[in-house]
Amino acid sequence: MALDRFPAQAHVTASAGGSAPRARPEVESLVAYSAPLEGRRGLLRLDFNENTVGPSPMVVEAIRAIPADHYAIYPEYDGLREAVVGSLGAEAGVSPGGSALTPAHIGLFNGVDGAIHAIFHAFGAPGDRLLTTSPTFGYYTPCARMQGMAIEAIPYRLPDFDFPFEEIRAALGPPGSATGAPRLLLICNPNNPTGTRLAPQRILELAAAAPGTLVVVDELYEAFTGDSVLPPLLAGGANADPFAAAPNLLVLRSLAKTAGLAGLRIGFAIGAPALVERVSRVCGPYDINSFAVTAAQAALADQAYVDAYVAEVLRARDWLLMQLRQAGVRHHAAGGNYLLLWPRRPAADVEADLRQAGILVRSMAGKPLIDGSLRVSLGSTEQMGRFWQAYRRVDGLT
Ligand SMILES: Cc1ncc(COP(=O)(O)O)c(C=O)c1O
């Protein structure tokens, strides 16, 4: 059952009846973004694309070392942006100090969800247009709606859920034109939930063609594909501002899915300092808590742990794909630590029976193009072995 993220507020509104103060019209017509978050501990969680084994021991050690009196102090952020710069430079293969990326290019947020919310808050005005794809990550739409924006969601191309590049290109309007262009273009790469990959160069092309549009690339799952716009931008060396040619591009990264910090809530937006600063204006001064800061520093210092986890997930993916092929199960896997599969029995029944077996997966019921499928997050090979054993039984495969 999908539980509301804000049950207490819902109760207050209901019991107060019509006398509760009304919110802005856009908020009155909004349904709170909800996700089935409760009662998941102790189960095999293949429903939120989280890291399924937890963070580096260095993260655990760093959090345990925080003295209790520090809980009483507002968080300090010094050094975290620098650590992100170092980590992104290393990932792009440039030596320390070898890129012109600076702390001012990095925005810190309460998860990438916090960054997404802030971007819409800062840039989306009533009547402005959000251009995106469908189906994609579920939080973009409510953020657009709460600003009163119009949403244009272009479907992925069947049968393989290819990126609708030409359609997106056309919807941006004539090259270089700012009039009539959408306010925001949101691209999730690889896309959650279809896994669709788009070559980074193509995203840079779109951003260059639409200078009047803020192009946001949600790279939450890029570690599993290696497709990122950052390496080509950082390739200019230490003297070239990486975003000089892409002042309208913002890249989102998180430590939730790879480094195992989903519960601590920390995410990053990377872009031209003037852009990052504008988005930060709509955030509170202490939005990211001290535990997240400490954990992020430790996680960024142990890239080897993340690399080993990603490699294990990719091994597990290959193994599971082989089983699915051999058993003739319809499936779709492209990028990210998740895949879609279409059970023979109704997806809701299979989801419920797997839960009985202690395994959580996510039904895609009601999502355009993929209604009837299940999204299964990928974890370790051992975990995928457990999943596959249960799935075979539950869906009647022998
Ligand atoms: C594509 C995408 N973007 C953003 C998020 C939210 O990330 P975070 O946990 O950093 O807020 C998710 C989480 O599922 C996601 O799938």
# chains A, B, ... in the order shown; residues from 1 in each chain; ligands from 1

call {"tool": "closest_atom_pairs", "arguments": {"of": "chain A", "to": "ligand 1", "cutoff": "7 Å", "atoms": "only C-alpha atoms and all ligand atoms", "output": "Markdown table"}}
result
| residue | atom | partner | partner_atom_place_in_ligand_line | distance |
| --- | --- | --- | --- | --- |
| A:Phe48 | CA | ligand 1 | 14 (O) | 6.0 |
| A:Asn49 | CA | ligand 1 | 14 (O) | 6.5 |
| A:Asn110 | CA | ligand 1 | 11 (O) | 6.9 |
| A:Gly111 | CA | ligand 1 | 11 (O) | 3.6 |
| A:Val112 | CA | ligand 1 | 10 (O) | 3.7 |
| A:Asp113 | CA | ligand 1 | 11 (O) | 3.8 |
| A:Gly114 | CA | ligand 1 | 11 (O) | 6.3 |
| A:Phe137 | CA | ligand 1 | 1 (C) | 5.0 |
| A:Cys188 | CA | ligand 1 | 1 (C) | 5.8 |
| A:Asn191 | CA | ligand 1 | 1 (C) | 6.6 |
| A:Asn192 | CA | ligand 1 | 1 (C) | 5.3 |
| A:Asp218 | CA | ligand 1 | 3 (N) | 5.9 |
| A:Leu220 | CA | ligand 1 | 3 (N) | 5.5 |
| A:Ser254 | CA | ligand 1 | 10 (O) | 4.7 |
| A:Leu255 | CA | ligand 1 | 10 (O) | 6.6 |
| A:Ala256 | CA | ligand 1 | 9 (O) | 5.0 |
| A:Ala262 | CA | ligand 1 | 9 (O) | 5.2 |
| A:Arg265 | CA | ligand 1 | 9 (O) | 6.1 |
| A:Ile266 | CA | ligand 1 | 10 (O) | 5.9 |
| A:Gly267 | CA | ligand 1 | 10 (O) | 5.0 |

call {"tool": "write_last_selection", "arguments": {"atoms": "N, CA and C atoms", "output": "mmCIF file, in the first residue's frame"}}
result
data_model
loop_
_atom_site.group_PDB
_atom_site.id
_atom_site.type_symbol
_atom_site.label_atom_id
_atom_site.label_comp_id
_atom_site.auth_asym_id
_atom_site.auth_seq_id
_atom_site.Cartn_x
_atom_site.Cartn_y
_atom_site.Cartn_z
ATOM 1 N N PHE A 48 13.568 0.747 -4.437
ATOM 2 C CA PHE A 48 13.881 2.185 -4.527
ATOM 3 C C PHE A 48 15.239 2.448 -5.173
ATOM 4 N N ASN A 49 15.823 1.438 -5.778
ATOM 5 C CA ASN A 49 17.143 1.581 -6.431
ATOM 6 C C ASN A 49 18.228 2.064 -5.476
ATOM 7 N N ASN A 110 19.558 19.057 0.058
ATOM 8 C CA ASN A 110 19.023 17.984 0.884
ATOM 9 C C ASN A 110 18.535 16.858 -0.043
ATOM 10 N N GLY A 111 19.506 16.121 -0.569
ATOM 11 C CA GLY A 111 19.200 15.110 -1.583
ATOM 12 C C GLY A 111 19.010 15.778 -2.933
ATOM 13 N N VAL A 112 19.068 14.986 -3.988
ATOM 14 C CA VAL A 112 18.789 15.547 -5.320
ATOM 15 C C VAL A 112 17.333 15.999 -5.387
ATOM 16 N N ASP A 113 16.465 15.345 -4.622
ATOM 17 C CA ASP A 113 15.078 15.833 -4.544
ATOM 18 C C ASP A 113 15.059 17.303 -4.097
ATOM 19 N N GLY A 114 15.899 17.636 -3.132
ATOM 20 C CA GLY A 114 15.971 19.022 -2.656
ATOM 21 C C GLY A 114 16.437 19.953 -3.765
ATOM 22 N N PHE A 137 11.365 9.914 -13.843
ATOM 23 C CA PHE A 137 11.336 10.023 -12.385
ATOM 24 C C PHE A 137 10.135 10.860 -11.939
ATOM 25 N N CYS A 188 16.666 12.732 -17.540
ATOM 26 C CA CYS A 188 17.198 11.789 -16.555
ATOM 27 C C CYS A 188 18.050 10.785 -17.337
ATOM 28 N N ASN A 191 17.713 6.975 -17.729
ATOM 29 C CA ASN A 191 16.387 7.320 -17.239
ATOM 30 C C ASN A 191 15.874 6.287 -16.234
ATOM 31 N N ASN A 192 15.329 6.789 -15.161
ATOM 32 C CA ASN A 192 14.582 5.957 -14.226
ATOM 33 C C ASN A 192 13.113 6.133 -14.577
ATOM 34 N N ASP A 218 19.728 14.929 -14.830
ATOM 35 C CA ASP A 218 19.705 14.175 -13.583
ATOM 36 C C ASP A 218 20.566 12.932 -13.796
ATOM 37 N N LEU A 220 21.704 10.775 -11.589
ATOM 38 C CA LEU A 220 21.729 10.015 -10.336
ATOM 39 C C LEU A 220 22.330 8.620 -10.507
ATOM 40 N N SER A 254 24.194 12.486 -6.788
ATOM 41 C CA SER A 254 23.806 12.142 -5.419
ATOM 42 C C SER A 254 24.696 11.045 -4.882
ATOM 43 N N LEU A 255 24.769 10.942 -3.567
ATOM 44 C CA LEU A 255 25.484 9.816 -2.956
ATOM 45 C C LEU A 255 24.484 8.784 -2.448
ATOM 46 N N ALA A 256 23.198 8.954 -2.812
ATOM 47 C CA ALA A 256 22.156 8.070 -2.280
ATOM 48 C C ALA A 256 22.288 6.646 -2.811
ATOM 49 N N ALA A 262 21.293 7.152 1.170
ATOM 50 C CA ALA A 262 19.928 7.620 0.863
ATOM 51 C C ALA A 262 19.223 8.182 2.096
ATOM 52 N N ARG A 265 20.330 11.992 3.145
ATOM 53 C CA ARG A 265 19.850 13.085 2.307
ATOM 54 C C ARG A 265 20.930 14.102 1.961
ATOM 55 N N ILE A 266 21.668 13.816 0.917
ATOM 56 C CA ILE A 266 22.626 14.805 0.398
ATOM 57 C C ILE A 266 22.717 14.657 -1.113
ATOM 58 N N GLY A 267 22.686 15.777 -1.801
ATOM 59 C CA GLY A 267 22.791 15.757 -3.255
ATOM 60 C C GLY A 267 23.499 17.008 -3.730
#

call {"tool": "select_by_dssp", "arguments": {"residues": "segment 29-242 of chain A", "states": "strand (DSSP E or B)", "output": "PyMOL selection string"}}
result
chain A and resi 44-45+106-109+129-134+150-155+157+162+184-188+214-218

call {"tool": "closest_atom_pairs", "arguments": {"of": "segment 89-151 of chain A", "to": "segment 159-164 of chain A", "cutoff": "12 Å", "atoms": "only C-alpha atoms", "output": "tab-separated table"}}
result
residue	atom	partner	partner_atom	distance
A:Leu131	CA	A:Pro164	CA	11.9
A:Thr132	CA	A:Pro164	CA	10.1
A:Thr133	CA	A:Pro164	CA	7.9
A:Ser134	CA	A:Phe161	CA	9.7
A:Pro135	CA	A:Phe161	CA	9.5
A:Thr136	CA	A:Phe161	CA	11.2

call {"tool": "select_by_dssp", "arguments": {"residues": "segment 146-215 of chain A", "states": "alpha helix (DSSP H)", "output": "list in words"}}
result
Met146, Phe165, Glu166, Glu167, Ile168, Arg169, Ala170, Ala171, Pro200, Gln201, Arg202, Ile203, Leu204, Glu205, Leu206, Ala207, Ala208 and Ala209 of chain A

call {"tool": "closest_atom_pairs", "arguments": {"of": "segment 60-162 of chain A", "to": "segment 292-299 of chain A", "cutoff": "8 Å", "atoms": "only C-alpha atoms", "output": "CSV"}}
result
residue,atom,partner,partner_atom,distance
A:Val60,CA,A:Ala295,CA,7.7
A:Ala62,CA,A:Thr294,CA,6.6
A:Ile63,CA,A:Ala295,CA,6.4
A:Pro75,CA,A:Val293,CA,7.8
A:Glu76,CA,A:Val293,CA,7.9
A:Tyr77,CA,A:Val293,CA,6.9
A:Leu80,CA,A:Gln297,CA,6.2
A:Ala83,CA,A:Gln297,CA,6.8

call {"tool": "closest_residue", "arguments": {"among": "A:Ala170, A:Met364, A:Val329, A:Leu378", "to": "Leu397 of chain A", "atoms": "only C-alpha atoms"}}
result
A:Val329

call {"tool": "atom_distance", "arguments": {"atom1": "atom CA of Gly124 of chain A", "atom2": "atom CA of Thr194 of chain A"}}
result
26.2 Å

call {"tool": "closest_residue", "arguments": {"among": "A:Pro36, A:Gly107, A:Pro273, A:Pro55", "to": "Tyr309 of chain A", "atoms": "only C-alpha atoms"}}
result
A:Pro55

call {"tool": "residues_around", "arguments": {"residues": "Gly89 of chain A", "least_positions_apart": "5", "cutoff": "12 Å", "atoms": "only C-alpha atoms", "output": "PDB file with C-alpha atoms, in the first residue's frame"}}
result
ATOM      1  CA  GLU A  82      36.138  21.133  -2.388  1.00  0.00           C
ATOM      2  CA  ALA A  83      35.829  17.368  -1.838  1.00  0.00           C
ATOM      3  CA  VAL A  84      33.147  17.161  -4.544  1.00  0.00           C
ATOM      4  CA  VAL A  94      42.131  15.111 -14.561  1.00  0.00           C
ATOM      5  CA  SER A  95      44.902  15.603 -12.015  1.00  0.00           C
ATOM      6  CA  PRO A  96      44.132  17.528  -8.796  1.00  0.00           C
ATOM      7  CA  GLY A  97      43.974  21.171  -9.818  1.00  0.00           C
ATOM      8  CA  GLY A  98      43.845  20.086 -13.462  1.00  0.00           C
ATOM      9  CA  SER A  99      40.336  21.338 -14.070  1.00  0.00           C
ATOM     10  CA  ALA A 100      38.849  24.764 -13.613  1.00  0.00           C
ATOM     11  CA  LEU A 101      35.934  23.399 -11.633  1.00  0.00           C
ATOM     12  CA  THR A 102      35.712  25.348  -8.368  1.00  0.00           C
ATOM     13  CA  PRO A 103      33.654  25.102  -5.165  1.00  0.00           C
ATOM     14  CA  LEU A 230      31.053  16.347 -16.925  1.00  0.00           C
ATOM     15  CA  PRO A 231      34.179  14.712 -18.456  1.00  0.00           C
ATOM     16  CA  PRO A 232      33.784  16.497 -21.811  1.00  0.00           C
ATOM     17  CA  LEU A 233      33.136  19.773 -19.982  1.00  0.00           C
ATOM     18  CA  LEU A 234      36.171  19.314 -17.725  1.00  0.00           C
ATOM     19  CA  ALA A 235      38.438  18.310 -20.608  1.00  0.00           C
ATOM     20  CA  GLY A 236      39.192  21.976 -21.336  1.00  0.00           C
ATOM     21  CA  GLY A 237      41.898  21.977 -18.642  1.00  0.00           C
ATOM     22  CA  ALA A 238      42.742  24.231 -15.719  1.00  0.00           C
ATOM     23  CA  PRO A 242      33.988  24.084 -17.721  1.00  0.00           C
ATOM     24  CA  LEU A 300      33.930  10.857  -1.197  1.00  0.00           C
TER      25      LEU A 300
END

call {"tool": "closest_residue", "arguments": {"among": "A:Cys143, A:Thr213, A:Arg197, A:Asn337", "to": "Arg169 of chain A", "atoms": "only C-alpha atoms"}}
result
A:Thr213

call {"tool": "closest_residue", "arguments": {"among": "A:Gln383, A:Gln389, A:Thr398, A:Thr258", "to": "Val310 of chain A", "atoms": "only C-alpha atoms"}}
result
A:Thr258

call {"tool": "residues_around", "arguments": {"residues": "segment 244-249 of chain A", "least_positions_apart": "6", "cutoff": "6 Å", "atoms": "only C-alpha atoms", "output": "list in words"}}
result
Leu214, Val215, Val216 and Ala272 of chain A

call {"tool": "write_last_selection", "arguments": {"atoms": "C-alpha atoms", "output": "tab-separated table (two decimals), in the first residue's frame"}}
result
chain	number	residue	atom	x	y	z
A	214	LEU	CA	17.64	25.70	-18.33
A	215	VAL	CA	18.72	22.14	-19.16
A	216	VAL	CA	18.91	19.90	-16.11
A	272	ALA	CA	27.98	27.74	-13.77

call {"tool": "residues_around", "arguments": {"residues": "Ala357 of chain A", "least_positions_apart": "5", "cutoff": "12 Å", "atoms": "only C-alpha atoms", "output": "list in words"}}
result
Gly42, Leu43, Leu44, Arg45, Val350, Glu351, Ala352, Arg386, Phe387, Trp388, Gln389, Ala390, Tyr391, Arg392, Arg393 and Val394 of chain A

call {"tool": "write_last_selection", "arguments": {"atoms": "N, CA and C atoms", "output": "PDB file, in the first residue's frame"}}
result
ATOM      1  N   GLY A  42      14.619  -4.860   7.237  1.00  0.00           N
ATOM      2  CA  GLY A  42      14.629  -6.308   7.428  1.00  0.00           C
ATOM      3  C   GLY A  42      14.238  -7.075   6.171  1.00  0.00           C
ATOM      4  N   LEU A  43      13.760  -6.380   5.129  1.00  0.00           N
ATOM      5  CA  LEU A  43      13.387  -7.055   3.888  1.00  0.00           C
ATOM      6  C   LEU A  43      14.477  -6.817   2.836  1.00  0.00           C
ATOM      7  N   LEU A  44      14.463  -7.615   1.784  1.00  0.00           N
ATOM      8  CA  LEU A  44      15.390  -7.360   0.673  1.00  0.00           C
ATOM      9  C   LEU A  44      14.763  -6.259  -0.170  1.00  0.00           C
ATOM     10  N   ARG A  45      15.369  -5.075  -0.143  1.00  0.00           N
ATOM     11  CA  ARG A  45      14.746  -3.874  -0.715  1.00  0.00           C
ATOM     12  C   ARG A  45      15.217  -3.641  -2.146  1.00  0.00           C
ATOM     13  N   VAL A 350       2.147 -10.446  -8.148  1.00  0.00           N
ATOM     14  CA  VAL A 350       3.542 -10.898  -8.023  1.00  0.00           C
ATOM     15  C   VAL A 350       4.265 -10.021  -6.996  1.00  0.00           C
ATOM     16  N   GLU A 351       4.014  -8.712  -7.063  1.00  0.00           N
ATOM     17  CA  GLU A 351       4.622  -7.785  -6.098  1.00  0.00           C
ATOM     18  C   GLU A 351       4.221  -8.178  -4.664  1.00  0.00           C
ATOM     19  N   ALA A 352       2.929  -8.479  -4.469  1.00  0.00           N
ATOM     20  CA  ALA A 352       2.447  -8.830  -3.123  1.00  0.00           C
ATOM     21  C   ALA A 352       3.037 -10.162  -2.664  1.00  0.00           C
ATOM     22  N   ARG A 386      18.718 -14.697  -4.570  1.00  0.00           N
ATOM     23  CA  ARG A 386      17.535 -14.848  -3.711  1.00  0.00           C
ATOM     24  C   ARG A 386      16.295 -14.358  -4.428  1.00  0.00           C
ATOM     25  N   PHE A 387      16.434 -13.211  -5.098  1.00  0.00           N
ATOM     26  CA  PHE A 387      15.286 -12.667  -5.839  1.00  0.00           C
ATOM     27  C   PHE A 387      14.812 -13.666  -6.895  1.00  0.00           C
ATOM     28  N   TRP A 388      15.749 -14.192  -7.638  1.00  0.00           N
ATOM     29  CA  TRP A 388      15.391 -15.041  -8.778  1.00  0.00           C
ATOM     30  C   TRP A 388      14.712 -16.328  -8.312  1.00  0.00           C
ATOM     31  N   GLN A 389      15.219 -16.879  -7.222  1.00  0.00           N
ATOM     32  CA  GLN A 389      14.605 -18.096  -6.677  1.00  0.00           C
ATOM     33  C   GLN A 389      13.138 -17.819  -6.306  1.00  0.00           C
ATOM     34  N   ALA A 390      12.903 -16.705  -5.615  1.00  0.00           N
ATOM     35  CA  ALA A 390      11.537 -16.358  -5.193  1.00  0.00           C
ATOM     36  C   ALA A 390      10.677 -16.021  -6.408  1.00  0.00           C
ATOM     37  N   TYR A 391      11.241 -15.294  -7.364  1.00  0.00           N
ATOM     38  CA  TYR A 391      10.461 -14.855  -8.530  1.00  0.00           C
ATOM     39  C   TYR A 391       9.989 -16.065  -9.351  1.00  0.00           C
ATOM     40  N   ARG A 392      10.872 -17.001  -9.535  1.00  0.00           N
ATOM     41  CA  ARG A 392      10.521 -18.213 -10.303  1.00  0.00           C
ATOM     42  C   ARG A 392       9.318 -18.906  -9.673  1.00  0.00           C
ATOM     43  N   ARG A 393       9.359 -19.005  -8.371  1.00  0.00           N
ATOM     44  CA  ARG A 393       8.270 -19.691  -7.665  1.00  0.00           C
ATOM     45  C   ARG A 393       6.983 -18.865  -7.781  1.00  0.00           C
ATOM     46  N   VAL A 394       7.080 -17.576  -7.492  1.00  0.00           N
ATOM     47  CA  VAL A 394       5.898 -16.712  -7.440  1.00  0.00           C
ATOM     48  C   VAL A 394       5.241 -16.555  -8.818  1.00  0.00           C
TER      49      VAL A 394
END

call {"tool": "residues_around", "arguments": {"residues": "Met146 of chain A", "least_positions_apart": "6", "cutoff": "8 Å", "atoms": "only C-alpha atoms", "output": "ChimeraX atom specification"}}
result
/A:26-27,30

call {"tool": "decode", "arguments": {"residues": "segment 255-286 of chain A", "atoms": "N, CA and C atoms", "output": "PDB file, in the first residue's frame"}}
result
ATOM      1  N   LEU A 255      24.769  10.942  -3.567  1.00  0.00           N
ATOM      2  CA  LEU A 255      25.484   9.816  -2.956  1.00  0.00           C
ATOM      3  C   LEU A 255      24.484   8.784  -2.448  1.00  0.00           C
ATOM      4  N   ALA A 256      23.198   8.954  -2.812  1.00  0.00           N
ATOM      5  CA  ALA A 256      22.156   8.070  -2.280  1.00  0.00           C
ATOM      6  C   ALA A 256      22.288   6.646  -2.811  1.00  0.00           C
ATOM      7  N   LYS A 257      22.420   6.518  -4.115  1.00  0.00           N
ATOM      8  CA  LYS A 257      22.246   5.202  -4.726  1.00  0.00           C
ATOM      9  C   LYS A 257      23.540   4.405  -4.811  1.00  0.00           C
ATOM     10  N   THR A 258      24.661   5.079  -4.935  1.00  0.00           N
ATOM     11  CA  THR A 258      25.919   4.349  -5.068  1.00  0.00           C
ATOM     12  C   THR A 258      26.625   4.227  -3.727  1.00  0.00           C
ATOM     13  N   ALA A 259      26.773   5.356  -3.015  1.00  0.00           N
ATOM     14  CA  ALA A 259      27.541   5.354  -1.769  1.00  0.00           C
ATOM     15  C   ALA A 259      26.705   4.905  -0.574  1.00  0.00           C
ATOM     16  N   GLY A 260      25.399   4.697  -0.757  1.00  0.00           N
ATOM     17  CA  GLY A 260      24.579   4.165   0.326  1.00  0.00           C
ATOM     18  C   GLY A 260      24.186   5.194   1.375  1.00  0.00           C
ATOM     19  N   LEU A 261      23.957   6.448   0.956  1.00  0.00           N
ATOM     20  CA  LEU A 261      23.599   7.488   1.926  1.00  0.00           C
ATOM     21  C   LEU A 261      22.158   7.979   1.747  1.00  0.00           C
ATOM     22  N   ALA A 262      21.293   7.152   1.170  1.00  0.00           N
ATOM     23  CA  ALA A 262      19.928   7.620   0.863  1.00  0.00           C
ATOM     24  C   ALA A 262      19.223   8.182   2.096  1.00  0.00           C
ATOM     25  N   GLY A 263      19.415   7.554   3.246  1.00  0.00           N
ATOM     26  CA  GLY A 263      18.708   7.988   4.448  1.00  0.00           C
ATOM     27  C   GLY A 263      19.258   9.278   5.042  1.00  0.00           C
ATOM     28  N   LEU A 264      20.432   9.694   4.596  1.00  0.00           N
ATOM     29  CA  LEU A 264      21.048  10.891   5.186  1.00  0.00           C
ATOM     30  C   LEU A 264      20.735  12.156   4.398  1.00  0.00           C
ATOM     31  N   ARG A 265      20.330  11.992   3.145  1.00  0.00           N
ATOM     32  CA  ARG A 265      19.850  13.085   2.307  1.00  0.00           C
ATOM     33  C   ARG A 265      20.930  14.102   1.961  1.00  0.00           C
ATOM     34  N   ILE A 266      21.668  13.816   0.917  1.00  0.00           N
ATOM     35  CA  ILE A 266      22.626  14.805   0.398  1.00  0.00           C
ATOM     36  C   ILE A 266      22.717  14.657  -1.113  1.00  0.00           C
ATOM     37  N   GLY A 267      22.686  15.777  -1.801  1.00  0.00           N
ATOM     38  CA  GLY A 267      22.791  15.757  -3.255  1.00  0.00           C
ATOM     39  C   GLY A 267      23.499  17.008  -3.730  1.00  0.00           C
ATOM     40  N   PHE A 268      23.968  16.977  -4.972  1.00  0.00           N
ATOM     41  CA  PHE A 268      24.768  18.081  -5.508  1.00  0.00           C
ATOM     42  C   PHE A 268      24.195  18.544  -6.851  1.00  0.00           C
ATOM     43  N   ALA A 269      24.304  19.848  -7.097  1.00  0.00           N
ATOM     44  CA  ALA A 269      24.022  20.385  -8.434  1.00  0.00           C
ATOM     45  C   ALA A 269      25.307  21.047  -8.911  1.00  0.00           C
ATOM     46  N   ILE A 270      25.701  20.750 -10.129  1.00  0.00           N
ATOM     47  CA  ILE A 270      26.970  21.264 -10.654  1.00  0.00           C
ATOM     48  C   ILE A 270      26.668  22.087 -11.904  1.00  0.00           C
ATOM     49  N   GLY A 271      27.155  23.317 -11.903  1.00  0.00           N
ATOM     50  CA  GLY A 271      26.896  24.180 -13.053  1.00  0.00           C
ATOM     51  C   GLY A 271      27.646  25.487 -12.920  1.00  0.00           C
ATOM     52  N   ALA A 272      27.349  26.416 -13.816  1.00  0.00           N
ATOM     53  CA  ALA A 272      27.983  27.738 -13.770  1.00  0.00           C
ATOM     54  C   ALA A 272      27.694  28.381 -12.408  1.00  0.00           C
ATOM     55  N   PRO A 273      28.699  29.006 -11.783  1.00  0.00           N
ATOM     56  CA  PRO A 273      28.488  29.595 -10.458  1.00  0.00           C
ATOM     57  C   PRO A 273      27.256  30.502 -10.390  1.00  0.00           C
ATOM     58  N   ALA A 274      26.992  31.279 -11.438  1.00  0.00           N
ATOM     59  CA  ALA A 274      25.849  32.197 -11.399  1.00  0.00           C
ATOM     60  C   ALA A 274      24.528  31.428 -11.327  1.00  0.00           C
ATOM     61  N   LEU A 275      24.513  30.252 -11.936  1.00  0.00           N
ATOM     62  CA  LEU A 275      23.305  29.416 -11.938  1.00  0.00           C
ATOM     63  C   LEU A 275      23.125  28.735 -10.577  1.00  0.00           C
ATOM     64  N   VAL A 276      24.212  28.162 -10.086  1.00  0.00           N
ATOM     65  CA  VAL A 276      24.182  27.465  -8.797  1.00  0.00           C
ATOM     66  C   VAL A 276      23.774  28.448  -7.694  1.00  0.00           C
ATOM     67  N   GLU A 277      24.304  29.639  -7.765  1.00  0.00           N
ATOM     68  CA  GLU A 277      24.001  30.644  -6.738  1.00  0.00           C
ATOM     69  C   GLU A 277      22.516  31.018  -6.776  1.00  0.00           C
ATOM     70  N   ARG A 278      21.955  31.116  -7.977  1.00  0.00           N
ATOM     71  CA  ARG A 278      20.526  31.458  -8.077  1.00  0.00           C
ATOM     72  C   ARG A 278      19.662  30.374  -7.451  1.00  0.00           C
ATOM     73  N   VAL A 279      19.988  29.111  -7.727  1.00  0.00           N
ATOM     74  CA  VAL A 279      19.188  28.020  -7.164  1.00  0.00           C
ATOM     75  C   VAL A 279      19.323  28.013  -5.638  1.00  0.00           C
ATOM     76  N   SER A 280      20.523  28.299  -5.148  1.00  0.00           N
ATOM     77  CA  SER A 280      20.755  28.271  -3.699  1.00  0.00           C
ATOM     78  C   SER A 280      19.972  29.361  -2.965  1.00  0.00           C
ATOM     79  N   ARG A 281      19.573  30.405  -3.694  1.00  0.00           N
ATOM     80  CA  ARG A 281      18.853  31.510  -3.040  1.00  0.00           C
ATOM     81  C   ARG A 281      17.529  31.050  -2.433  1.00  0.00           C
ATOM     82  N   VAL A 282      16.934  29.995  -2.968  1.00  0.00           N
ATOM     83  CA  VAL A 282      15.617  29.573  -2.459  1.00  0.00           C
ATOM     84  C   VAL A 282      15.749  28.477  -1.393  1.00  0.00           C
ATOM     85  N   CYS A 283      16.980  28.239  -0.913  1.00  0.00           N
ATOM     86  CA  CYS A 283      17.191  27.195   0.109  1.00  0.00           C
ATOM     87  C   CYS A 283      17.453  27.844   1.459  1.00  0.00           C
ATOM     88  N   GLY A 284      17.209  27.071   2.504  1.00  0.00           N
ATOM     89  CA  GLY A 284      17.506  27.550   3.853  1.00  0.00           C
ATOM     90  C   GLY A 284      18.990  27.420   4.145  1.00  0.00           C
ATOM     91  N   PRO A 285      19.477  28.136   5.163  1.00  0.00           N
ATOM     92  CA  PRO A 285      20.920  28.122   5.432  1.00  0.00           C
ATOM     93  C   PRO A 285      21.437  26.794   6.005  1.00  0.00           C
ATOM     94  N   TYR A 286      20.558  25.984   6.595  1.00  0.00           N
ATOM     95  CA  TYR A 286      21.039  24.731   7.229  1.00  0.00           C
ATOM     96  C   TYR A 286      20.309  23.516   6.660  1.00  0.00           C
TER      97      TYR A 286
END
